[in-house]
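Novice: File query_18.cif follows (mmCIF, C-alpha atoms):
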```cif
data_structure
#
loop_
_atom_site.group_PDB
_atom_site.id
_atom_site.type_symbol
_atom_site.label_atom_id
_atom_site.label_comp_id
_atom_site.auth_asym_id
_atom_site.auth_seq_id
_atom_site.Cartn_x
_atom_site.Cartn_y
_atom_site.Cartn_z
ATOM 1 C CA MET X 1 0.103 18.712 -28.301
ATOM 2 C CA LEU X 2 -3.449 18.162 -27.074
ATOM 3 C CA SER X 3 -4.622 19.991 -23.969
ATOM 4 C CA LYS X 4 -4.938 18.127 -20.666
ATOM 5 C CA LYS X 5 -8.718 18.425 -20.959
ATOM 6 C CA ASP X 6 -8.764 16.821 -24.432
ATOM 7 C CA VAL X 7 -6.438 13.996 -23.372
ATOM 8 C CA ARG X 8 -8.486 13.452 -20.211
ATOM 9 C CA ASN X 9 -11.767 13.239 -22.148
ATOM 10 C CA THR X 10 -10.373 10.865 -24.799
ATOM 11 C CA ILE X 11 -8.808 8.422 -22.346
ATOM 12 C CA ARG X 12 -11.750 8.455 -19.939
ATOM 13 C CA LYS X 13 -14.133 7.584 -22.790
ATOM 14 C CA GLN X 14 -11.885 4.714 -23.814
ATOM 15 C CA ARG X 15 -11.611 3.460 -20.248
ATOM 16 C CA LEU X 16 -15.367 3.680 -19.714
ATOM 17 C CA SER X 17 -15.897 1.569 -22.852
ATOM 18 C CA MET X 18 -14.030 -1.378 -21.296
ATOM 19 C CA VAL X 19 -16.221 -4.386 -20.501
ATOM 20 C CA PRO X 20 -16.110 -5.876 -16.984
ATOM 21 C CA GLY X 21 -14.060 -8.885 -18.144
ATOM 22 C CA GLN X 22 -11.350 -6.606 -19.566
ATOM 23 C CA VAL X 23 -11.196 -4.562 -16.362
ATOM 24 C CA ALA X 24 -10.976 -7.712 -14.226
ATOM 25 C CA SER X 25 -8.318 -9.399 -16.381
ATOM 26 C CA CYS X 26 -6.090 -6.346 -16.757
ATOM 27 C CA SER X 27 -6.510 -5.371 -13.095
ATOM 28 C CA GLU X 28 -5.508 -8.866 -11.971
ATOM 29 C CA SER X 29 -2.334 -8.684 -14.097
ATOM 30 C CA ILE X 30 -1.482 -5.217 -12.776
ATOM 31 C CA ILE X 31 -2.004 -6.196 -9.133
ATOM 32 C CA LYS X 32 0.142 -9.330 -9.588
ATOM 33 C CA HIS X 33 2.955 -7.111 -10.915
ATOM 34 C CA VAL X 34 2.540 -4.788 -7.913
ATOM 35 C CA ILE X 35 2.674 -7.481 -5.230
ATOM 36 C CA GLU X 36 5.822 -9.025 -6.738
ATOM 37 C CA PHE X 37 7.566 -5.648 -7.074
ATOM 38 C CA LYS X 38 10.484 -5.293 -4.616
ATOM 39 C CA PRO X 39 9.604 -1.742 -3.430
ATOM 40 C CA PHE X 40 6.080 -2.985 -2.635
ATOM 41 C CA LEU X 41 7.410 -5.969 -0.727
ATOM 42 C CA MET X 42 9.634 -3.637 1.321
ATOM 43 C CA ALA X 43 6.954 -1.021 2.045
ATOM 44 C CA GLN X 44 5.324 -1.088 5.471
ATOM 45 C CA THR X 45 2.584 1.501 4.932
ATOM 46 C CA VAL X 46 0.819 1.669 1.578
ATOM 47 C CA ALA X 47 -1.752 4.214 0.427
ATOM 48 C CA PHE X 48 -4.052 2.937 -2.284
ATOM 49 C CA TYR X 49 -7.443 3.926 -3.679
ATOM 50 C CA LEU X 50 -10.759 2.230 -4.402
ATOM 51 C CA PRO X 51 -11.683 2.410 -8.087
ATOM 52 C CA ILE X 52 -14.347 4.369 -9.923
ATOM 53 C CA ASP X 53 -15.163 4.504 -13.639
ATOM 54 C CA ASN X 54 -13.236 1.339 -14.629
ATOM 55 C CA GLU X 55 -9.986 2.365 -12.921
ATOM 56 C CA VAL X 56 -7.570 -0.443 -12.092
ATOM 57 C CA ASP X 57 -9.292 -2.476 -9.368
ATOM 58 C CA THR X 58 -7.003 -2.127 -6.371
ATOM 59 C CA SER X 59 -9.434 -3.980 -4.099
ATOM 60 C CA LEU X 60 -7.787 -7.103 -5.567
ATOM 61 C CA LEU X 61 -4.748 -6.298 -3.392
ATOM 62 C CA LEU X 62 -6.759 -7.486 -0.417
ATOM 63 C CA ASN X 63 -6.837 -11.026 -1.876
ATOM 64 C CA TYR X 64 -3.094 -11.496 -1.383
ATOM 65 C CA GLN X 65 -1.375 -12.727 1.765
ATOM 66 C CA LYS X 66 1.605 -10.411 1.149
ATOM 67 C CA VAL X 67 -0.664 -7.440 1.862
ATOM 68 C CA ILE X 68 -1.872 -8.644 5.269
ATOM 69 C CA SER X 69 1.269 -7.530 7.124
ATOM 70 C CA LYS X 70 1.153 -4.011 5.675
ATOM 71 C CA LYS X 71 -0.548 -0.988 7.144
ATOM 72 C CA LEU X 72 -3.017 0.213 4.510
ATOM 73 C CA CYS X 73 -4.685 3.560 4.096
ATOM 74 C CA LEU X 74 -7.135 5.196 1.736
ATOM 75 C CA PRO X 75 -7.448 8.819 0.639
ATOM 76 C CA VAL X 76 -10.203 11.021 2.017
ATOM 77 C CA ILE X 77 -11.034 14.413 0.545
ATOM 78 C CA ARG X 78 -11.381 16.864 3.421
ATOM 79 C CA PRO X 79 -12.637 20.448 3.565
ATOM 80 C CA GLY X 80 -10.476 22.945 1.731
ATOM 81 C CA HIS X 81 -9.719 20.489 -1.106
ATOM 82 C CA LYS X 82 -7.247 18.703 1.139
ATOM 83 C CA LEU X 83 -6.369 15.033 0.692
ATOM 84 C CA GLU X 84 -5.673 13.097 3.875
ATOM 85 C CA PHE X 85 -5.188 9.381 4.463
ATOM 86 C CA SER X 86 -7.146 7.192 6.847
ATOM 87 C CA HIS X 87 -6.147 3.763 8.134
ATOM 88 C CA PHE X 88 -8.033 0.911 6.424
ATOM 89 C CA LYS X 89 -8.227 -2.814 6.981
ATOM 90 C CA PRO X 90 -10.437 -5.341 5.195
ATOM 91 C CA GLY X 91 -13.905 -5.318 6.687
ATOM 92 C CA ASP X 92 -13.831 -1.650 7.741
ATOM 93 C CA SER X 93 -16.968 0.317 6.961
ATOM 94 C CA LEU X 94 -16.855 2.582 3.928
ATOM 95 C CA GLN X 95 -18.993 5.509 2.897
ATOM 96 C CA SER X 96 -19.419 7.389 -0.339
ATOM 97 C CA GLY X 97 -17.392 10.589 -0.257
ATOM 98 C CA VAL X 98 -16.712 13.395 -2.692
ATOM 99 C CA TYR X 99 -17.135 12.302 -6.341
ATOM 100 C CA GLY X 100 -18.754 9.043 -5.162
ATOM 101 C CA ILE X 101 -15.394 7.586 -4.094
ATOM 102 C CA LEU X 102 -15.574 5.133 -1.192
ATOM 103 C CA GLU X 103 -13.763 6.304 1.946
ATOM 104 C CA PRO X 104 -13.219 4.800 5.414
ATOM 105 C CA CYS X 105 -15.717 5.892 8.051
ATOM 106 C CA ASN X 106 -13.225 5.515 10.907
ATOM 107 C CA ASN X 107 -11.307 8.822 10.711
ATOM 108 C CA LYS X 108 -8.093 7.149 11.913
ATOM 109 C CA TRP X 109 -5.769 9.640 10.220
ATOM 110 C CA LEU X 110 -2.203 8.750 9.315
ATOM 111 C CA ASP X 111 0.600 11.261 9.125
ATOM 112 C CA ILE X 112 1.405 11.397 5.400
ATOM 113 C CA ASN X 113 5.099 11.254 6.291
ATOM 114 C CA THR X 114 4.651 7.690 7.582
ATOM 115 C CA ILE X 115 3.447 6.371 4.208
ATOM 116 C CA ASP X 116 6.159 4.465 2.308
ATOM 117 C CA MET X 117 4.298 3.976 -0.956
ATOM 118 C CA PHE X 118 1.456 5.611 -2.828
ATOM 119 C CA LEU X 119 -0.506 3.674 -5.466
ATOM 120 C CA LEU X 120 -2.214 6.387 -7.501
ATOM 121 C CA PRO X 121 -5.146 6.389 -9.861
ATOM 122 C CA LEU X 122 -4.693 8.324 -13.071
ATOM 123 C CA VAL X 123 -6.261 9.173 -16.383
ATOM 124 C CA GLY X 124 -3.054 9.193 -18.435
ATOM 125 C CA PHE X 125 0.723 9.004 -18.232
ATOM 126 C CA ASP X 126 3.663 9.567 -20.548
ATOM 127 C CA ALA X 127 7.105 8.039 -21.110
ATOM 128 C CA LYS X 128 8.761 10.563 -18.761
ATOM 129 C CA GLY X 129 6.572 9.767 -15.744
ATOM 130 C CA ALA X 130 4.127 12.650 -16.011
ATOM 131 C CA ARG X 131 0.742 11.774 -14.532
ATOM 132 C CA LEU X 132 -2.576 13.169 -15.706
ATOM 133 C CA GLY X 133 -5.191 13.032 -12.969
ATOM 134 C CA TYR X 134 -8.762 14.252 -12.944
ATOM 135 C CA GLY X 135 -7.844 17.919 -12.684
ATOM 136 C CA GLY X 136 -8.449 18.580 -8.983
ATOM 137 C CA GLY X 137 -4.770 18.511 -8.011
ATOM 138 C CA TYR X 138 -5.464 16.594 -4.776
ATOM 139 C CA TYR X 139 -2.520 14.201 -5.043
ATOM 140 C CA ASP X 140 -0.163 16.887 -6.369
ATOM 141 C CA ARG X 141 -0.915 19.092 -3.349
ATOM 142 C CA ALA X 142 -0.672 16.203 -0.877
ATOM 143 C CA LEU X 143 2.622 14.893 -2.276
ATOM 144 C CA SER X 144 4.285 18.222 -3.096
ATOM 145 C CA HIS X 145 5.901 18.652 0.328
ATOM 146 C CA PHE X 146 8.002 15.511 -0.201
ATOM 147 C CA ASN X 147 9.929 17.301 -2.956
ATOM 148 C CA LYS X 148 10.586 20.194 -0.589
ATOM 149 C CA ASN X 149 11.628 17.981 2.346
ATOM 150 C CA GLY X 150 13.776 15.645 0.297
ATOM 151 C CA GLU X 151 11.860 12.678 1.691
ATOM 152 C CA LYS X 152 10.936 10.194 -0.969
ATOM 153 C CA PRO X 153 8.075 7.741 -0.631
ATOM 154 C CA VAL X 154 7.608 5.530 -3.691
ATOM 155 C CA ILE X 155 4.978 6.956 -6.054
ATOM 156 C CA ILE X 156 3.448 4.411 -8.414
ATOM 157 C CA GLY X 157 0.737 5.008 -10.992
ATOM 158 C CA LEU X 158 -1.615 2.156 -11.878
ATOM 159 C CA ALA X 159 -3.020 2.204 -15.407
ATOM 160 C CA TYR X 160 -3.929 0.228 -18.473
ATOM 161 C CA GLN X 161 -1.355 0.364 -21.251
ATOM 162 C CA PHE X 162 -3.719 2.291 -23.546
ATOM 163 C CA GLN X 163 -3.604 5.202 -21.085
ATOM 164 C CA GLU X 164 -0.067 6.052 -22.174
ATOM 165 C CA VAL X 165 0.252 9.147 -24.350
ATOM 166 C CA ALA X 166 3.303 10.448 -26.194
ATOM 167 C CA GLN X 167 3.721 13.571 -24.071
ATOM 168 C CA LEU X 168 1.675 15.336 -21.428
ATOM 169 C CA PRO X 169 1.819 19.036 -20.750
ATOM 170 C CA CYS X 170 3.381 19.521 -17.299
ATOM 171 C CA ALA X 171 3.108 22.312 -14.786
ATOM 172 C CA GLU X 172 5.719 23.051 -12.139
ATOM 173 C CA HIS X 173 3.414 21.769 -9.368
ATOM 174 C CA ASP X 174 2.785 18.364 -11.046
ATOM 175 C CA VAL X 175 4.336 15.541 -9.007
ATOM 176 C CA PRO X 176 5.916 12.929 -11.310
ATOM 177 C CA LEU X 177 5.601 9.170 -10.936
ATOM 178 C CA HIS X 178 8.543 6.995 -9.971
ATOM 179 C CA TYR X 179 6.991 3.940 -11.628
ATOM 180 C CA ILE X 180 3.973 2.987 -13.712
ATOM 181 C CA VAL X 181 2.453 -0.485 -13.525
ATOM 182 C CA THR X 182 0.296 -1.677 -16.409
ATOM 183 C CA GLU X 183 -0.848 -5.127 -17.468
ATOM 184 C CA ASN X 184 2.460 -5.322 -19.376
ATOM 185 C CA GLY X 185 4.614 -4.873 -16.264
ATOM 186 C CA VAL X 186 6.516 -2.228 -14.295
ATOM 187 C CA HIS X 187 8.238 0.707 -15.959
ATOM 188 C CA SER X 188 10.671 2.923 -14.020
ATOM 189 C CA PHE X 189 11.067 6.675 -14.466
ATOM 190 C CA LEU X 190 13.953 6.934 -11.978
#
```
Kindly return the structure encoded in the file as structure tokens.

Specialist:
Amino acid sequence: MLSKKDVRNTIRKQRLSMVPGQVASCSESIIKHVIEFKPFLMAQTVAFYLPIDNEVDTSLLLNYQKVISKKLCLPVIRPGHKLEFSHFKPGDSLQSGVYGILEPCNNKWLDINTIDMFLLPLVGFDAKGARLGYGGGYYDRALSHFNKNGEKPVIIGLAYQFQEVAQLPCAEHDVPLHYIVTENGVHSFL
């Protein structure tokens, strides 16, 4: 089995080689699958991300009427390598944060326990729901307390189909996905 670093480098190179038309077309398909997905329709508060490096373009969510009634939030990396979530609505000011990721300027923090659904970026995933991130562990740390509390928000990874690998090495602290959404549809790991 390849190391996480090798898998990460291979998939990131492939993703970076995508042309804008591919990113737009695949992202549109993925977002359409998300907004028609029953757990998404039922969620009241949804955490999502703004893309970098040809990630699935989640800003397309804002084009859909079904999203208007939801409370949205975006991740913000805080001191101490802590990931917190700030309220976001279309038109809010954004600033470049850590790693060049756009973040809300408003500092209207949400209690993570009030978030029903997390749409996560990722580098790779496998058939068992393991998620390979960028290596900082921000989401794993932020979401780890849900496993301890027994509370279960819906955790969905958004990716292109080519980001699937046969098997990822997993550590005890890695938080698994409940679902993955690719341009080919929704796959459940529950």

Novice: Report as a CSV table (one decimal) with C-alpha atoms, keeping the file's coordinate frame the residues that result from applying the PyMOL selection byres ((chain X and resi 106) around 10) to the structure here.

Specialist:
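The file below, expr23.csv, is the result:
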```csv
chain,number,residue,atom,x,y,z
X,86,SER,CA,-7.1,7.2,6.8
X,87,HIS,CA,-6.1,3.8,8.1
X,88,PHE,CA,-8.0,0.9,6.4
X,92,ASP,CA,-13.8,-1.6,7.7
X,93,SER,CA,-17.0,0.3,7.0
X,94,LEU,CA,-16.9,2.6,3.9
X,95,GLN,CA,-19.0,5.5,2.9
X,103,GLU,CA,-13.8,6.3,1.9
X,104,PRO,CA,-13.2,4.8,5.4
X,105,CYS,CA,-15.7,5.9,8.1
X,107,ASN,CA,-11.3,8.8,10.7
X,108,LYS,CA,-8.1,7.1,11.9
X,109,TRP,CA,-5.8,9.6,10.2
```

Novice: Would you write out, as a short mmCIF file (atom, residue, chain, number, x, y, z; two decimals) with C-alpha atoms, in the coordinates of the input, every residue that the PyMOL selection byres ((chain X and resi 190) around 6) captures in this file?

Specialist:
```
data_model
loop_
_atom_site.label_atom_id
_atom_site.label_comp_id
_atom_site.auth_asym_id
_atom_site.auth_seq_id
_atom_site.Cartn_x
_atom_site.Cartn_y
_atom_site.Cartn_z
CA HIS X 178 8.54 7.00 -9.97
CA SER X 188 10.67 2.92 -14.02
CA PHE X 189 11.07 6.68 -14.47
#
```

Novice: List the spatial neighbours of Ile101 in chain X as a PyMOL selection string - criterion: any atom at most 9 Å away, all atoms listed in the file, same-chain residues fewer than 3 positions off excluded.

Specialist: chain X and resi 49-52+76+95-98

Novice: Using only C-alpha atoms, which residue out of X:Gln161, X:Asp6, X:Arg141, X:Ile156 lies closest to Phe37 in chain X?

Specialist: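 Result for the nearest residue to Phe37 in chain X: X:Ile156.
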
Novice: So the first atom is CA of Phe40 in chain X and the second is CA of Leu74 in chain X; what is the distance between them in Å, to one decimal place?

Specialist: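 Between these atoms lies a distance of 16.1 Å.
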
Novice: For the PyMOL selection byres ((chain X and resi 132) around 8), applied here, can you spell out every residue it catches as a list in words?

Specialist: Lys4, Arg8, Leu122, Val123, Gly124, Phe125, Ala130, Arg131, Gly133, Tyr134, Gly135 and Leu168 of chain X

Novice: Nearest residue to Gln22 in chain X out of X:Pro153, X:Val46, X:Glu183, X:Asp111, using only C-alpha atoms?

Specialist: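 With only C-alpha atoms as the atom set, the closest residue is X:Glu183.
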
Novice: So, with only C-alpha atoms as the atoms that count, which of X:Lys152, X:Val186, X:Gln167, X:Val175 lies closest to Leu2 in chain X?

Specialist: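 Using only C-alpha atoms, Leu2 in chain X sits closest to X:Gln167.
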
Novice: X:Thr58, X:Ser69, X:Asn9, X:Gln14: which is nearest Cys26 in chain X, counting only C-alpha atoms?

Specialist: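 Looking at the shortest contact to Cys26 in chain X, the residue is X:Thr58.
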
Novice: Would you pick out the contacts of Leu61 in chain X at 12 Å or less, using all atoms listed in the file, so that residues sharing its chain but fewer than 3 positions from it are not included, and give the list as a list in words?

Specialist: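 The neighbour list is Ser27, Glu28, Ser29, Ile30, Ile31, Lys32, His33, Val34, Ile35, Glu36, Phe40, Val46, Ala47, Phe48, Tyr49, Leu50, Val56, Asp57, Thr58, Tyr64, Gln65, Lys66, Val67, Ile68, Lys70, Leu72, Lys89, Pro90 and Leu119 of chain X.
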
Novice: With C-alpha atoms retained, could you export that selection as a PDB file, in the coordinates of the input?

Specialist:
```pdb
ATOM      1  CA  SER X  27      -6.510  -5.371 -13.095  1.00  0.00           C
ATOM      2  CA  GLU X  28      -5.508  -8.866 -11.971  1.00  0.00           C
ATOM      3  CA  SER X  29      -2.334  -8.684 -14.097  1.00  0.00           C
ATOM      4  CA  ILE X  30      -1.482  -5.217 -12.776  1.00  0.00           C
ATOM      5  CA  ILE X  31      -2.004  -6.196  -9.133  1.00  0.00           C
ATOM      6  CA  LYS X  32       0.142  -9.330  -9.588  1.00  0.00           C
ATOM      7  CA  HIS X  33       2.955  -7.111 -10.915  1.00  0.00           C
ATOM      8  CA  VAL X  34       2.540  -4.788  -7.913  1.00  0.00           C
ATOM      9  CA  ILE X  35       2.674  -7.481  -5.230  1.00  0.00           C
ATOM     10  CA  GLU X  36       5.822  -9.025  -6.738  1.00  0.00           C
ATOM     11  CA  PHE X  40       6.080  -2.985  -2.635  1.00  0.00           C
ATOM     12  CA  VAL X  46       0.819   1.669   1.578  1.00  0.00           C
ATOM     13  CA  ALA X  47      -1.752   4.214   0.427  1.00  0.00           C
ATOM     14  CA  PHE X  48      -4.052   2.937  -2.284  1.00  0.00           C
ATOM     15  CA  TYR X  49      -7.443   3.926  -3.679  1.00  0.00           C
ATOM     16  CA  LEU X  50     -10.759   2.230  -4.402  1.00  0.00           C
ATOM     17  CA  VAL X  56      -7.570  -0.443 -12.092  1.00  0.00           C
ATOM     18  CA  ASP X  57      -9.292  -2.476  -9.368  1.00  0.00           C
ATOM     19  CA  THR X  58      -7.003  -2.127  -6.371  1.00  0.00           C
ATOM     20  CA  TYR X  64      -3.094 -11.496  -1.383  1.00  0.00           C
ATOM     21  CA  GLN X  65      -1.375 -12.727   1.765  1.00  0.00           C
ATOM     22  CA  LYS X  66       1.605 -10.411   1.149  1.00  0.00           C
ATOM     23  CA  VAL X  67      -0.664  -7.440   1.862  1.00  0.00           C
ATOM     24  CA  ILE X  68      -1.872  -8.644   5.269  1.00  0.00           C
ATOM     25  CA  LYS X  70       1.153  -4.011   5.675  1.00  0.00           C
ATOM     26  CA  LEU X  72      -3.017   0.213   4.510  1.00  0.00           C
ATOM     27  CA  LYS X  89      -8.227  -2.814   6.981  1.00  0.00           C
ATOM     28  CA  PRO X  90     -10.437  -5.341   5.195  1.00  0.00           C
ATOM     29  CA  LEU X 119      -0.506   3.674  -5.466  1.00  0.00           C
TER      30      LEU X 119
END
```

Novice: Complete range 129-142 of chain X with N, CA and C atoms (output as a PDB file, keeping the file's coordinate frame).

Specialist:
```
ATOM      1  N   GLY X 129       7.100   9.876 -17.098  1.00  0.00           N
ATOM      2  CA  GLY X 129       6.572   9.767 -15.744  1.00  0.00           C
ATOM      3  C   GLY X 129       5.593  10.842 -15.358  1.00  0.00           C
ATOM      4  N   ALA X 130       5.158  11.650 -16.311  1.00  0.00           N
ATOM      5  CA  ALA X 130       4.127  12.650 -16.011  1.00  0.00           C
ATOM      6  C   ALA X 130       2.803  11.919 -15.816  1.00  0.00           C
ATOM      7  N   ARG X 131       2.040  12.369 -14.857  1.00  0.00           N
ATOM      8  CA  ARG X 131       0.742  11.774 -14.532  1.00  0.00           C
ATOM      9  C   ARG X 131      -0.349  12.787 -14.800  1.00  0.00           C
ATOM     10  N   LEU X 132      -1.395  12.337 -15.481  1.00  0.00           N
ATOM     11  CA  LEU X 132      -2.576  13.169 -15.706  1.00  0.00           C
ATOM     12  C   LEU X 132      -3.687  12.626 -14.823  1.00  0.00           C
ATOM     13  N   GLY X 133      -4.101  13.428 -13.856  1.00  0.00           N
ATOM     14  CA  GLY X 133      -5.191  13.032 -12.969  1.00  0.00           C
ATOM     15  C   GLY X 133      -6.511  13.568 -13.496  1.00  0.00           C
ATOM     16  N   TYR X 134      -7.427  13.794 -12.572  1.00  0.00           N
ATOM     17  CA  TYR X 134      -8.762  14.252 -12.944  1.00  0.00           C
ATOM     18  C   TYR X 134      -8.883  15.767 -12.988  1.00  0.00           C
ATOM     19  N   GLY X 135      -7.836  16.467 -12.586  1.00  0.00           N
ATOM     20  CA  GLY X 135      -7.844  17.919 -12.684  1.00  0.00           C
ATOM     21  C   GLY X 135      -8.038  18.650 -11.375  1.00  0.00           C
ATOM     22  N   GLY X 136      -8.252  17.924 -10.271  1.00  0.00           N
ATOM     23  CA  GLY X 136      -8.449  18.580  -8.983  1.00  0.00           C
ATOM     24  C   GLY X 136      -7.152  18.908  -8.259  1.00  0.00           C
ATOM     25  N   GLY X 137      -6.065  18.248  -8.624  1.00  0.00           N
ATOM     26  CA  GLY X 137      -4.770  18.511  -8.011  1.00  0.00           C
ATOM     27  C   GLY X 137      -4.610  17.973  -6.601  1.00  0.00           C
ATOM     28  N   TYR X 138      -5.511  17.082  -6.160  1.00  0.00           N
ATOM     29  CA  TYR X 138      -5.464  16.594  -4.776  1.00  0.00           C
ATOM     30  C   TYR X 138      -4.144  15.881  -4.460  1.00  0.00           C
ATOM     31  N   TYR X 139      -3.761  14.926  -5.299  1.00  0.00           N
ATOM     32  CA  TYR X 139      -2.520  14.201  -5.043  1.00  0.00           C
ATOM     33  C   TYR X 139      -1.303  15.105  -5.202  1.00  0.00           C
ATOM     34  N   ASP X 140      -1.304  15.979  -6.190  1.00  0.00           N
ATOM     35  CA  ASP X 140      -0.163  16.887  -6.369  1.00  0.00           C
ATOM     36  C   ASP X 140       0.043  17.744  -5.124  1.00  0.00           C
ATOM     37  N   ARG X 141      -1.045  18.276  -4.561  1.00  0.00           N
ATOM     38  CA  ARG X 141      -0.915  19.092  -3.349  1.00  0.00           C
ATOM     39  C   ARG X 141      -0.443  18.248  -2.165  1.00  0.00           C
ATOM     40  N   ALA X 142      -1.020  17.053  -2.021  1.00  0.00           N
ATOM     41  CA  ALA X 142      -0.672  16.203  -0.877  1.00  0.00           C
ATOM     42  C   ALA X 142       0.779  15.740  -0.931  1.00  0.00           C
TER      43      ALA X 142
END
```
